[in-house]
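Engineer: Following this line is start.txt, made up of compact mmCIF, C-alpha atoms:
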```txt
# COMPACT_ATOMS: atom_id res chain seq x y z
CA MET A 1 2.32 12.14 -80.36
CA GLU A 2 1.55 8.63 -81.63
CA THR A 3 2.01 5.58 -79.50
CA VAL A 4 2.63 2.16 -81.00
CA SER A 5 -0.66 0.34 -80.71
CA GLY A 6 -0.84 -3.10 -79.20
CA ARG A 7 2.38 -3.16 -77.22
CA ARG A 8 1.98 -0.86 -74.26
CA SER A 9 5.32 0.33 -73.02
CA PRO A 10 5.66 1.52 -69.42
CA PRO A 11 4.22 5.03 -68.99
CA ARG A 12 6.74 7.23 -70.71
CA HIS A 13 6.71 10.87 -69.94
CA ARG A 14 7.33 13.09 -72.92
CA VAL A 15 8.84 16.48 -72.37
CA ALA A 16 6.51 19.14 -73.74
CA GLY A 17 6.00 17.79 -77.19
CA GLY A 18 8.89 15.49 -78.03
CA ALA A 19 8.93 14.45 -81.68
CA SER A 20 6.02 16.59 -82.75
CA LEU A 21 7.76 19.69 -81.46
CA ALA A 22 10.63 18.87 -83.82
CA GLY A 23 8.13 18.61 -86.67
CA LEU A 24 6.67 21.98 -85.73
CA LEU A 25 10.13 23.54 -85.77
CA ALA A 26 10.76 22.13 -89.25
CA ARG A 27 7.55 23.74 -90.47
CA THR A 28 8.37 26.95 -88.62
CA ALA A 29 11.66 27.06 -90.54
CA ARG A 30 9.60 27.22 -93.74
CA GLY A 31 7.69 30.24 -92.46
CA ASP A 32 4.60 28.37 -91.22
CA GLN A 33 3.04 30.68 -88.64
CA ASP A 34 0.51 28.10 -87.44
CA ALA A 35 3.29 25.65 -86.68
CA PHE A 36 5.14 28.38 -84.83
CA ALA A 37 2.02 29.14 -82.77
CA ALA A 38 1.66 25.44 -81.92
CA ALA A 39 5.34 25.24 -80.96
CA TYR A 40 4.79 28.26 -78.75
CA ASP A 41 1.86 26.59 -77.04
CA GLN A 42 3.90 23.49 -76.30
CA ALA A 43 7.13 25.06 -75.19
CA ALA A 44 6.19 28.45 -73.73
CA PRO A 45 5.55 27.27 -70.13
CA ALA A 46 8.96 25.57 -69.91
CA LEU A 47 10.82 28.44 -71.54
CA TYR A 48 9.01 31.18 -69.65
CA GLY A 49 9.42 29.29 -66.37
CA THR A 50 13.13 28.86 -67.01
CA VAL A 51 13.64 32.51 -67.89
CA LEU A 52 11.59 33.55 -64.87
CA ALA A 53 13.62 31.33 -62.54
CA VAL A 54 16.84 33.00 -63.67
CA ILE A 55 15.58 36.56 -64.05
CA ARG A 56 13.15 36.67 -61.11
CA ASP A 57 11.23 39.65 -62.50
CA PRO A 58 8.02 38.60 -64.28
CA PHE A 59 7.93 41.76 -66.37
CA LEU A 60 11.48 41.33 -67.65
CA ALA A 61 11.02 37.58 -68.00
CA GLU A 62 8.12 38.19 -70.34
CA GLU A 63 10.22 40.49 -72.47
CA VAL A 64 13.12 38.03 -72.63
CA THR A 65 10.76 35.15 -73.43
CA GLN A 66 9.47 37.16 -76.37
CA GLU A 67 13.05 37.66 -77.59
CA VAL A 68 13.66 33.95 -77.18
CA PHE A 69 10.69 33.02 -79.34
CA LEU A 70 11.66 35.54 -81.99
CA GLU A 71 15.12 34.00 -82.07
CA ILE A 72 13.50 30.58 -82.44
CA TRP A 73 11.35 31.94 -85.26
CA ARG A 74 14.33 33.49 -87.05
CA THR A 75 16.71 30.57 -86.65
CA ALA A 76 14.41 27.53 -86.72
CA ALA A 77 16.24 26.35 -89.86
CA ARG A 78 19.32 25.80 -87.71
CA TYR A 79 17.65 23.20 -85.55
CA ASP A 80 19.04 19.78 -86.41
CA GLN A 81 17.02 16.81 -85.22
CA ASP A 82 20.07 14.57 -85.27
CA ARG A 83 21.78 16.68 -82.66
CA GLY A 84 19.13 16.66 -79.96
CA SER A 85 15.50 17.19 -79.04
CA ALA A 86 13.62 20.31 -80.05
CA LEU A 87 12.99 21.22 -76.43
CA ALA A 88 16.69 20.94 -75.63
CA TRP A 89 17.47 23.29 -78.50
CA MET A 90 14.81 25.78 -77.45
CA ALA A 91 15.62 25.58 -73.74
CA THR A 92 19.30 26.19 -74.52
CA ILE A 93 18.37 29.40 -76.35
CA ALA A 94 16.07 30.49 -73.53
CA HIS A 95 18.51 29.77 -70.73
CA ARG A 96 21.41 31.43 -72.49
CA ARG A 97 19.40 34.58 -73.16
CA ALA A 98 18.15 34.75 -69.59
CA VAL A 99 21.66 34.33 -68.26
CA ASP A 100 23.05 36.96 -70.64
CA ARG A 101 20.37 39.36 -69.48
CA VAL A 102 20.97 38.94 -65.75
CA ARG A 103 24.72 39.09 -66.18
CA SER A 104 24.52 42.31 -68.13
CA GLU A 105 21.95 43.98 -65.89
CA GLN A 106 22.38 42.68 -62.42
CA ARG A 107 24.07 45.12 -60.15
CA ALA A 108 26.77 43.97 -57.79
CA ALA A 109 24.79 44.98 -54.72
CA ASP A 110 21.81 43.03 -55.93
CA ARG A 111 23.91 39.94 -56.42
CA ASP A 112 25.41 40.21 -52.97
CA ARG A 113 21.98 40.50 -51.43
CA ARG A 114 20.87 37.39 -53.24
CA ALA A 115 24.02 35.54 -52.30
CA ALA A 116 22.67 35.34 -48.79
CA THR A 117 19.60 33.43 -49.98
CA HIS A 118 21.12 30.94 -52.39
CA ALA A 119 19.43 27.96 -50.79
CA VAL A 120 16.13 29.17 -52.23
CA ALA A 121 17.02 27.90 -55.70
CA TYR A 122 16.40 24.26 -54.90
CA ASP A 123 13.56 24.82 -52.46
CA GLU A 124 11.64 26.61 -55.12
CA VAL A 125 11.76 23.69 -57.49
CA ALA A 126 11.08 21.32 -54.66
CA GLU A 127 8.22 23.12 -52.98
CA SER A 128 6.56 25.16 -55.67
CA ALA A 129 2.79 25.08 -55.47
CA GLU A 130 2.68 24.49 -59.20
CA HIS A 131 2.98 20.73 -59.58
CA ASN A 132 3.54 18.76 -62.70
CA LEU A 133 4.78 15.30 -63.41
CA GLU A 134 8.10 16.46 -64.75
CA ARG A 135 8.70 18.58 -61.68
CA GLU A 136 8.02 15.58 -59.44
CA ARG A 137 10.48 13.46 -61.38
CA VAL A 138 13.22 16.07 -61.42
CA ARG A 139 12.66 16.79 -57.75
CA ARG A 140 13.04 13.13 -56.89
CA CYS A 141 16.19 12.80 -58.97
CA LEU A 142 17.71 15.98 -57.52
CA LYS A 143 17.45 14.34 -54.12
CA TRP A 144 19.62 11.55 -55.44
CA LEU A 145 22.52 13.98 -55.99
CA THR A 146 25.00 14.83 -53.26
CA GLU A 147 24.26 18.11 -51.57
CA LEU A 148 27.19 19.78 -53.29
CA GLN A 149 26.18 18.47 -56.72
CA ARG A 150 22.61 19.60 -56.17
CA GLU A 151 23.59 23.08 -55.07
CA ALA A 152 26.03 23.46 -57.93
CA VAL A 153 23.47 22.36 -60.53
CA THR A 154 20.52 24.37 -59.20
CA LEU A 155 22.49 27.54 -58.59
CA ALA A 156 23.89 27.39 -62.10
CA TYR A 157 20.72 26.41 -63.91
CA TYR A 158 17.97 28.09 -61.93
CA ARG A 159 19.91 31.11 -60.78
CA GLY A 160 22.23 31.67 -63.71
CA ARG A 161 25.35 31.66 -61.55
CA THR A 162 28.77 31.02 -63.05
CA TYR A 163 30.82 28.18 -61.61
CA ARG A 164 33.17 30.74 -60.08
CA GLU A 165 30.28 32.47 -58.33
CA VAL A 166 29.01 29.13 -57.10
CA ALA A 167 32.52 28.40 -55.80
CA ALA A 168 32.56 31.70 -53.90
CA LEU A 169 29.06 31.10 -52.51
CA LEU A 170 29.82 27.61 -51.30
CA GLY A 171 33.40 28.35 -50.26
CA ILE A 172 35.00 25.59 -52.33
CA PRO A 173 37.52 25.68 -55.20
CA ALA A 174 36.21 26.47 -58.68
CA GLY A 175 37.74 23.28 -60.06
CA THR A 176 35.74 21.24 -57.57
CA VAL A 177 32.56 23.05 -58.53
CA SER A 178 32.98 22.39 -62.24
CA THR A 179 33.52 18.70 -61.52
CA ARG A 180 30.44 18.60 -59.28
CA MET A 181 28.38 20.24 -61.99
CA ARG A 182 29.38 17.59 -64.49
CA ASP A 183 28.94 14.71 -62.06
CA GLY A 184 25.65 16.14 -60.87
CA LEU A 185 24.25 16.47 -64.39
CA ILE A 186 25.39 12.95 -65.29
CA ARG A 187 23.77 11.52 -62.19
CA LEU A 188 20.63 13.49 -62.92
CA ARG A 189 20.65 12.26 -66.51
CA ASP A 190 20.98 8.65 -65.40
CA CYS A 191 18.26 9.01 -62.79
CA LEU A 192 15.86 10.74 -65.19
CA GLY A 193 16.62 8.19 -67.91
CA ALA A 194 15.85 5.36 -65.53
CA ALA A 195 12.68 7.05 -64.32
CA ARG A 196 11.20 7.30 -67.81
CA MET B 1 39.19 29.34 -53.86
CA THR B 2 41.57 29.84 -56.75
CA GLY B 3 43.45 26.58 -57.20
CA ARG B 4 44.61 25.29 -60.57
CA ALA B 5 42.51 25.97 -63.62
CA PRO B 6 40.17 22.99 -64.11
CA GLU B 7 40.80 20.51 -66.93
CA PRO B 8 38.95 21.82 -69.97
CA HIS B 9 36.86 18.67 -70.20
CA ALA B 10 35.68 19.01 -66.62
CA LEU B 11 34.03 22.27 -67.66
CA ILE B 12 31.48 20.46 -69.83
CA GLY B 13 28.75 20.46 -67.16
CA ALA B 14 29.21 24.15 -66.43
CA TYR B 15 29.24 24.84 -70.17
CA ALA B 16 25.96 22.94 -70.65
CA MET B 17 24.40 25.19 -68.01
CA ASP B 18 25.86 28.46 -69.36
CA ALA B 19 27.84 28.73 -66.13
CA LEU B 20 31.19 29.66 -67.68
CA ASP B 21 32.44 33.19 -67.95
CA ARG B 22 33.59 34.29 -71.38
CA ALA B 23 37.23 33.26 -71.02
CA ALA B 24 36.45 29.80 -69.68
CA ALA B 25 33.77 29.27 -72.34
CA GLY B 26 36.34 30.08 -75.01
CA ARG B 27 38.77 27.61 -73.46
CA PHE B 28 36.11 24.91 -73.42
CA GLU B 29 35.04 25.58 -76.99
CA ARG B 30 38.62 25.15 -78.20
CA HIS B 31 38.64 21.81 -76.42
CA LEU B 32 35.25 20.92 -77.90
CA ALA B 33 36.56 21.45 -81.43
CA ARG B 34 39.28 18.82 -80.84
CA CYS B 35 37.36 16.36 -78.69
CA GLY B 36 35.66 13.45 -80.42
CA GLU B 37 33.17 12.38 -77.74
CA CYS B 38 32.40 15.85 -76.41
CA ALA B 39 29.61 16.70 -78.82
CA SER B 40 27.54 13.66 -77.88
CA GLU B 41 28.25 14.08 -74.17
CA LEU B 42 27.24 17.72 -74.41
CA ALA B 43 24.06 16.79 -76.28
CA GLY B 44 23.19 14.33 -73.51
CA LEU B 45 23.74 16.94 -70.82
CA ARG B 46 21.60 19.42 -72.76
CA GLU B 47 18.76 16.87 -72.78
CA THR B 48 19.14 16.78 -69.02
CA THR B 49 19.08 20.56 -68.65
CA ALA B 50 15.98 20.55 -70.87
CA ARG B 51 14.34 18.39 -68.19
CA LEU B 52 15.33 20.99 -65.60
CA SER B 53 13.69 23.55 -67.85
CA ALA B 54 10.47 21.52 -68.17
CA ALA B 55 10.41 21.08 -64.41
CA ALA B 56 10.38 24.86 -64.00
CA ALA B 57 7.35 25.29 -66.28
CA VAL B 58 5.06 28.18 -65.41
CA PRO B 59 2.20 29.31 -67.64
CA PRO B 60 3.26 32.59 -69.23
CA PRO B 61 0.90 35.57 -69.18
CA ALA B 62 -1.75 35.03 -71.86
CA ARG B 63 -0.94 38.30 -73.64
CA LEU B 64 2.58 37.08 -74.48
CA ARG B 65 1.30 34.69 -77.14
CA GLY B 66 -0.29 37.42 -79.23
CA ARG B 67 2.75 39.62 -78.91
CA VAL B 68 5.12 36.85 -79.99
CA LEU B 69 2.99 35.89 -82.96
CA ALA B 70 2.47 39.50 -84.04
CA ALA B 71 6.18 40.22 -83.82
CA SER B 72 7.09 37.08 -85.78
CA GLY B 73 4.87 38.30 -88.61
CA HIS B 74 7.24 41.23 -89.02
CA THR B 75 10.48 39.34 -88.54
CA ALA B 76 12.51 37.95 -91.41
CA GLN B 77 13.75 34.39 -91.04
CA ARG B 78 17.23 33.14 -91.75
CA ARG B 79 17.43 30.69 -94.58
CA ALA B 80 18.67 27.21 -93.92
CA GLU B 81 21.68 27.60 -96.20
CA SER B 82 23.05 30.55 -94.25
CA ARG B 83 23.46 28.28 -91.30
CA TRP B 84 26.12 30.18 -89.43
CA PRO B 85 25.86 33.75 -90.59
CA SER B 86 28.08 36.35 -89.05
CA PRO B 87 25.67 38.27 -86.86
CA ALA B 88 27.20 41.68 -87.49
CA ARG B 89 26.52 41.72 -91.21
CA GLY B 90 23.39 43.72 -91.98
CA GLY B 91 20.70 42.90 -94.48
CA GLY B 92 18.91 45.01 -97.03
CA ARG B 93 16.32 47.66 -96.52
CA SER B 94 13.40 45.33 -95.97
CA ILE B 95 15.24 43.72 -93.09
CA THR B 96 15.94 47.14 -91.63
CA VAL B 97 12.25 48.03 -91.82
CA ALA B 98 11.33 44.70 -90.29
CA ALA B 99 13.85 45.24 -87.52
CA ALA B 100 12.48 48.73 -86.87
CA LEU B 101 8.97 47.32 -86.69
CA VAL B 102 10.08 44.63 -84.29
CA ALA B 103 11.71 47.26 -82.12
CA ALA B 104 8.54 49.32 -82.24
CA VAL B 105 6.42 46.29 -81.38
CA ALA B 106 8.67 45.60 -78.43
CA VAL B 107 8.44 49.19 -77.21
CA ILE B 108 4.67 49.21 -77.61
CA ALA B 109 4.30 45.87 -75.94
CA VAL B 110 6.28 47.17 -72.97
CA LEU B 111 4.22 50.35 -72.90
CA VAL B 112 0.98 48.43 -73.05
CA VAL B 113 2.09 46.28 -70.17
CA VAL B 114 3.18 49.36 -68.24
CA ALA B 115 -0.20 50.93 -68.94
CA ILE B 116 -2.04 47.85 -67.74
CA ARG B 117 0.04 47.45 -64.61
CA PRO B 118 -1.87 48.11 -61.43
CA ALA B 119 -0.04 51.34 -60.52
CA GLY B 120 -3.33 53.16 -61.00
CA PRO B 121 -6.77 52.10 -62.10
CA ALA B 122 -6.86 52.01 -65.90
CA PRO B 123 -9.54 54.28 -67.30
CA GLY B 124 -12.39 52.08 -68.42
CA GLY B 125 -11.17 49.07 -66.44
CA PRO B 126 -9.46 45.91 -67.64
CA ALA B 127 -11.98 45.30 -70.43
CA ALA B 128 -11.02 48.60 -72.03
CA GLY B 129 -7.37 47.64 -71.67
CA ARG B 130 -8.05 44.38 -73.46
CA ARG B 131 -9.95 46.16 -76.24
CA ALA B 132 -7.04 48.56 -76.71
CA GLY B 133 -4.68 45.58 -76.78
CA LEU B 134 -6.75 43.93 -79.51
CA ALA B 135 -6.88 47.16 -81.53
CA ILE B 136 -3.10 47.48 -81.23
CA ALA B 137 -2.64 43.88 -82.33
CA ALA B 138 -4.93 44.50 -85.33
CA VAL B 139 -2.73 47.38 -86.53
CA LEU B 140 0.55 45.61 -85.82
CA THR B 141 -0.48 42.48 -87.65
CA ALA B 142 -1.99 44.25 -90.66
CA PRO B 143 -0.03 43.37 -93.82
CA ASP B 144 0.17 47.04 -94.81
CA ALA B 145 1.38 48.35 -91.44
CA ARG B 146 3.84 51.21 -91.85
CA MET B 147 5.89 52.99 -89.24
CA LEU B 148 6.74 56.68 -89.13
CA ASP B 149 9.12 58.30 -86.72
CA VAL B 150 8.65 62.06 -86.41
CA ARG B 151 10.00 64.92 -84.37
CA LEU B 152 7.65 67.38 -82.65
CA ARG B 153 7.90 71.12 -83.29
CA THR B 154 8.61 71.77 -79.60
CA ARG B 155 10.40 68.76 -78.19
CA GLY B 156 10.06 65.01 -78.17
CA ARG B 157 9.54 62.34 -80.78
CA ALA B 158 6.53 60.38 -81.84
CA THR B 159 6.22 56.96 -83.40
CA VAL B 160 3.16 56.25 -85.50
CA ILE B 161 2.29 52.82 -86.83
CA MET B 162 -0.61 52.95 -89.22
CA SER B 163 -2.59 50.60 -91.39
CA ALA B 164 -5.03 51.83 -94.02
CA ARG B 165 -6.57 48.38 -94.09
CA ALA B 166 -7.25 48.43 -90.35
CA ALA B 167 -8.25 52.12 -90.70
CA ALA B 168 -6.37 52.78 -87.49
CA LEU B 169 -3.04 53.94 -86.13
CA ILE B 170 -1.05 53.56 -82.95
CA PHE B 171 0.63 56.61 -81.52
CA THR B 172 3.34 56.72 -78.87
CA ALA B 173 5.66 59.54 -77.91
CA SER B 174 8.70 60.12 -75.79
CA GLY B 175 10.36 63.18 -74.32
CA LEU B 176 7.34 65.46 -74.65
CA ALA B 177 7.46 68.76 -72.74
CA ALA B 178 5.80 68.33 -69.34
CA LEU B 179 2.42 70.04 -68.97
CA PRO B 180 0.62 71.45 -65.94
CA ARG B 181 -2.03 69.12 -64.51
CA ALA B 182 -4.89 71.02 -66.12
CA ARG B 183 -3.52 70.58 -69.65
CA GLY B 184 -2.95 67.54 -71.80
CA TYR B 185 -1.94 66.51 -75.30
CA GLU B 186 -4.76 65.73 -77.71
CA LEU B 187 -4.53 63.85 -81.00
CA TRP B 188 -6.49 64.93 -84.05
CA LEU B 189 -7.38 63.40 -87.36
CA VAL B 190 -7.16 66.32 -89.75
CA GLY B 191 -9.12 65.51 -92.87
CA PRO B 192 -10.89 67.30 -95.67
CA GLY B 193 -13.84 68.02 -93.33
CA ARG B 194 -13.55 69.25 -89.75
CA ASP B 195 -10.79 68.09 -87.42
CA ARG B 196 -11.84 65.02 -85.44
CA PRO B 197 -10.56 64.47 -81.90
CA ALA B 198 -8.63 61.18 -81.76
CA GLY B 199 -7.91 60.84 -78.06
CA MET B 200 -5.93 62.35 -75.21
CA LEU B 201 -2.43 61.05 -74.59
CA PRO B 202 -2.01 59.46 -71.17
CA ARG B 203 0.40 61.15 -68.78
CA PRO B 204 3.95 60.03 -69.58
CA ARG B 205 5.71 57.54 -67.33
CA HIS B 206 9.49 57.60 -67.42
CA GLY B 207 9.18 60.06 -70.29
CA MET B 208 7.16 57.68 -72.47
CA THR B 209 3.46 57.89 -73.18
CA ALA B 210 1.54 54.65 -73.43
CA PRO B 211 0.20 53.90 -76.91
CA VAL B 212 -3.05 55.44 -78.04
CA VAL B 213 -5.09 53.82 -80.78
CA ALA B 214 -6.88 56.16 -83.13
CA ALA B 215 -9.51 54.37 -85.19
CA GLY B 216 -11.75 55.59 -87.98
CA LEU B 217 -8.93 56.67 -90.25
CA ARG B 218 -10.10 57.97 -93.64
CA PRO B 219 -8.14 58.41 -96.84
CA GLY B 220 -6.40 61.79 -96.92
CA ASP B 221 -6.32 62.15 -93.12
CA ARG B 222 -3.35 63.74 -91.45
CA LEU B 223 -2.46 63.29 -87.80
CA GLY B 224 -2.18 66.36 -85.55
CA LEU B 225 -1.29 66.98 -81.92
CA THR B 226 -2.14 70.01 -79.78
CA VAL B 227 -2.17 71.06 -76.15
CA GLU B 228 -5.70 71.26 -74.73
CA PRO B 229 -7.46 71.41 -71.37
CA SER B 230 -6.96 67.99 -69.77
CA GLY B 231 -10.61 67.04 -70.37
CA GLY B 232 -10.07 67.41 -74.13
CA SER B 233 -11.55 69.84 -76.64
CA GLY B 234 -14.05 69.37 -79.44
CA ARG B 235 -11.78 71.22 -81.83
CA PRO B 236 -8.12 72.26 -81.66
CA THR B 237 -7.59 75.46 -79.64
CA SER B 238 -3.81 75.76 -79.97
CA ALA B 239 -1.15 75.41 -82.65
CA MET B 240 -0.43 71.96 -84.08
CA LEU B 241 2.79 70.62 -82.58
CA LEU B 242 2.77 67.92 -85.19
CA LEU B 243 1.02 67.44 -88.49
CA VAL B 244 1.85 64.15 -90.15
CA THR B 245 0.71 63.17 -93.60
CA LEU B 246 -0.27 59.53 -93.30
```
Just dump the structure as structure tokens.

Structural biologist:
Amino acid sequence: METVSGRRSPPRHRVAGGASLAGLLARTARGDQDAFAAAYDQAAPALYGTVLAVIRDPFLAEEVTQEVFLEIWRTAARYDQDRGSALAWMATIAHRRAVDRVRSEQRAADRDRRAATHAVAYDEVAESAEHNLERERVRRCLKWLTELQREAVTLAYYRGRTYREVAALLGIPAGTVSTRMRDGLIRLRDCLGAAR
Amino acid sequence: MTGRAPEPHALIGAYAMDALDRAAAGRFERHLARCGECASELAGLRETTARLSAAAAVPPPARLRGRVLAASGHTAQRRAESRWPSPARGGGRSITVAAALVAAVAVIAVLVVVAIRPAGPAPGGPAAGRRAGLAIAAVLTAPDARMLDVRLRTRGRATVIMSARAAALIFTASGLAALPRARGYELWLVGPGRDRPAGMLPRPRHGMTAPVVAAGLRPGDRLGLTVEPSGGSGRPTSAMLLLVTL
């Protein structure tokens, strides 16, 4: 990651790789195993952590993370730099796979049991012993959301809940939840953008 | 809780977080196809969810890296020009073999992890487990790795992945007949000389035996399996349940 010499911009946090991760994906698309290994090293903590948050079982999360990286390996040629960052592309694959896995495997009883503990989703991000700069930033910006926005966003993203499930958990109409999810993400985006 | 169905555009946040059920996702995607600004709004929201992802970062178990890289070595990539292939359409034989190898790698990876899990002390301790893991990786990543799937004479199936270059093979089995405690399954390398013991199979868990690595493969060797006293025998004392030409 090069910085422009001379002019020092305010400290700018890069998400696990930024531009160079995109370069690694381009090389991965041409079958470059070393580039793929380097992309793994940069993105694996974020992707594994995301899958683990949704799936909750380290053993299964490891398996799903492996599937995620094989999908990235197979389809790296599809990544288009003009349409977003490499991490966003990879995280989308990881989150979708994790969600698909819990939705197909989770038993109704299990879900009901967890429904009682939904508040954990945010606390975990907020209070995890594992600290990093990005976590601090996101944590601060999550506090800037309304309580409903925050719950809607964290239950959906970190717990893989559908907006209808979130509606049932919080006892509010599904239409309201979908609006809160959008508003919450936009507010988070603006806060994170400003915090850069 | 029911209310009117939300405006399709209002679903964009839920869509960005994979929080729509199938029907609602379909509804949103139809809207997306017609909506000029949606793609860039969606891209912006996905950058935001990527930050949520980065905030959740946890170092993965170290063994995952080797498994991912080994499996990628056996996985065909999609070419850039086939950008949106229909997923159901199958490829040629080489892809099938690659897919079978990937499946085998996944099974073995799971079995290795199961074997290393702390349910019982691993024989030889964690260092032995790591050595076995390295030996398995050496076979799986060998360019000449081949996989055989065979049926036992009694019951059960075995999967053998072998590499002449690594002079080793990995053996796993499922659905083997249960044995009394005092007996176990023993692998043999059956060559031109005398039969060489190649290891006892661990007790199955959930019907699967954890992988065993047999090293010291020589040209012309065949792989055999017999039932022996659980401490193992120096030479086979019962009929071969399996004799595979490698």

Engineer: Counting only C-alpha atoms, what is within 7 Å of range 127-141 of chain B, bar same-chain residues fewer than 3 positions away, as an MDAnalysis selection string?

Structural biologist: chainID B and resid 70 73 116 124 145 162:163 166 168:170 213

Engineer: At a cut-off of 8 Å, using all atoms listed in the file, what residues contact Thr162 in chain A? Leave out same-chain residues fewer than 5 positions from it and give the result as a PDB file with C-alpha atoms, keeping the file's coordinate frame.

Structural biologist:
```
ATOM      1  CA  ALA A 156      23.890  27.390 -62.100  1.00  0.00           C
TER       2      ALA A 156
ATOM      3  CA  ALA B  14      29.210  24.150 -66.430  1.00  0.00           C
ATOM      4  CA  ASP B  18      25.860  28.460 -69.360  1.00  0.00           C
ATOM      5  CA  ALA B  19      27.840  28.730 -66.130  1.00  0.00           C
ATOM      6  CA  LEU B  20      31.190  29.660 -67.680  1.00  0.00           C
ATOM      7  CA  ASP B  21      32.440  33.190 -67.950  1.00  0.00           C
TER       8      ASP B  21
END
```

Engineer: Would you compute the distance between CA of Leu189 in chain B and CA of Asp221 in chain B? Give it in Å to one decimal.

Structural biologist: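 Separating CA of Leu189 in chain B from CA of Asp221 in chain B is a distance of 6.0 Å.
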
Engineer: Taking (4.5, 30.6, -88.8) in the file's own coordinates, collect the residues within 12 Å, counting all atoms listed in the file, and hand them back as a compact mmCIF listing (two decimals) with C-alpha atoms, in the frame of the given file.

Structural biologist:
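Saved file out-v8.txt follows:
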```
# COMPACT_ATOMS: atom_id res chain seq x y z
CA LEU A 24 6.67 21.98 -85.73
CA LEU A 25 10.13 23.54 -85.77
CA ALA A 26 10.76 22.13 -89.25
CA ARG A 27 7.55 23.74 -90.47
CA THR A 28 8.37 26.95 -88.62
CA ALA A 29 11.66 27.06 -90.54
CA ARG A 30 9.60 27.22 -93.74
CA GLY A 31 7.69 30.24 -92.46
CA ASP A 32 4.60 28.37 -91.22
CA GLN A 33 3.04 30.68 -88.64
CA ASP A 34 0.51 28.10 -87.44
CA ALA A 35 3.29 25.65 -86.68
CA PHE A 36 5.14 28.38 -84.83
CA ALA A 37 2.02 29.14 -82.77
CA ALA A 38 1.66 25.44 -81.92
CA ALA A 39 5.34 25.24 -80.96
CA TYR A 40 4.79 28.26 -78.75
CA PHE A 69 10.69 33.02 -79.34
CA LEU A 70 11.66 35.54 -81.99
CA ILE A 72 13.50 30.58 -82.44
CA TRP A 73 11.35 31.94 -85.26
CA ARG A 74 14.33 33.49 -87.05
CA ALA A 76 14.41 27.53 -86.72
CA VAL B 68 5.12 36.85 -79.99
CA LEU B 69 2.99 35.89 -82.96
CA ALA B 70 2.47 39.50 -84.04
CA ALA B 71 6.18 40.22 -83.82
CA SER B 72 7.09 37.08 -85.78
CA GLY B 73 4.87 38.30 -88.61
CA HIS B 74 7.24 41.23 -89.02
CA THR B 75 10.48 39.34 -88.54
CA ALA B 76 12.51 37.95 -91.41
CA GLN B 77 13.75 34.39 -91.04
```

Engineer: Considering only C-alpha atoms, can you say which of A:Val64, A:Ala46, A:Met90, A:Val153 comes closest to chain B?

Structural biologist: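 Ranking A:Val64, A:Ala46, A:Met90, A:Val153 by distance to chain B, first place goes to A:Ala46.
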
Engineer: Which neighbours of Val166 in chain A fall inside 8 Å, counting all atoms listed in the file, when residues of the same chain fewer than 4 positions from it are skipped, and could you give them as a PDB file with C-alpha atoms, in the frame of the given file?

Structural biologist:
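Result went into part_7.pdb, see below:
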```
ATOM      1  CA  ALA A 152      26.030  23.460 -57.930  1.00  0.00           C
ATOM      2  CA  LEU A 155      22.490  27.540 -58.590  1.00  0.00           C
ATOM      3  CA  ALA A 156      23.890  27.390 -62.100  1.00  0.00           C
ATOM      4  CA  ARG A 161      25.350  31.660 -61.550  1.00  0.00           C
ATOM      5  CA  THR A 162      28.770  31.020 -63.050  1.00  0.00           C
ATOM      6  CA  LEU A 170      29.820  27.610 -51.300  1.00  0.00           C
ATOM      7  CA  ALA A 174      36.210  26.470 -58.680  1.00  0.00           C
ATOM      8  CA  VAL A 177      32.560  23.050 -58.530  1.00  0.00           C
TER       9      VAL A 177
END
```

Engineer: Choose the residue, out of B:Ala23, B:Ala173, B:Val227, B:Ala158, that has the smallest atom-to-atom separation from chain A; count all atoms listed in the file.

Structural biologist: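 Using all atoms listed in the file, the shortest distance to chain A belongs to B:Ala23.
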
Engineer: Pick the closest to chain A from B:Leu42, B:Cys35, B:Ala57, B:Met147: which is it, counting all atoms listed in the file?

Structural biologist: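 Answer, going by the shortest atom-to-atom distance: B:Ala57.
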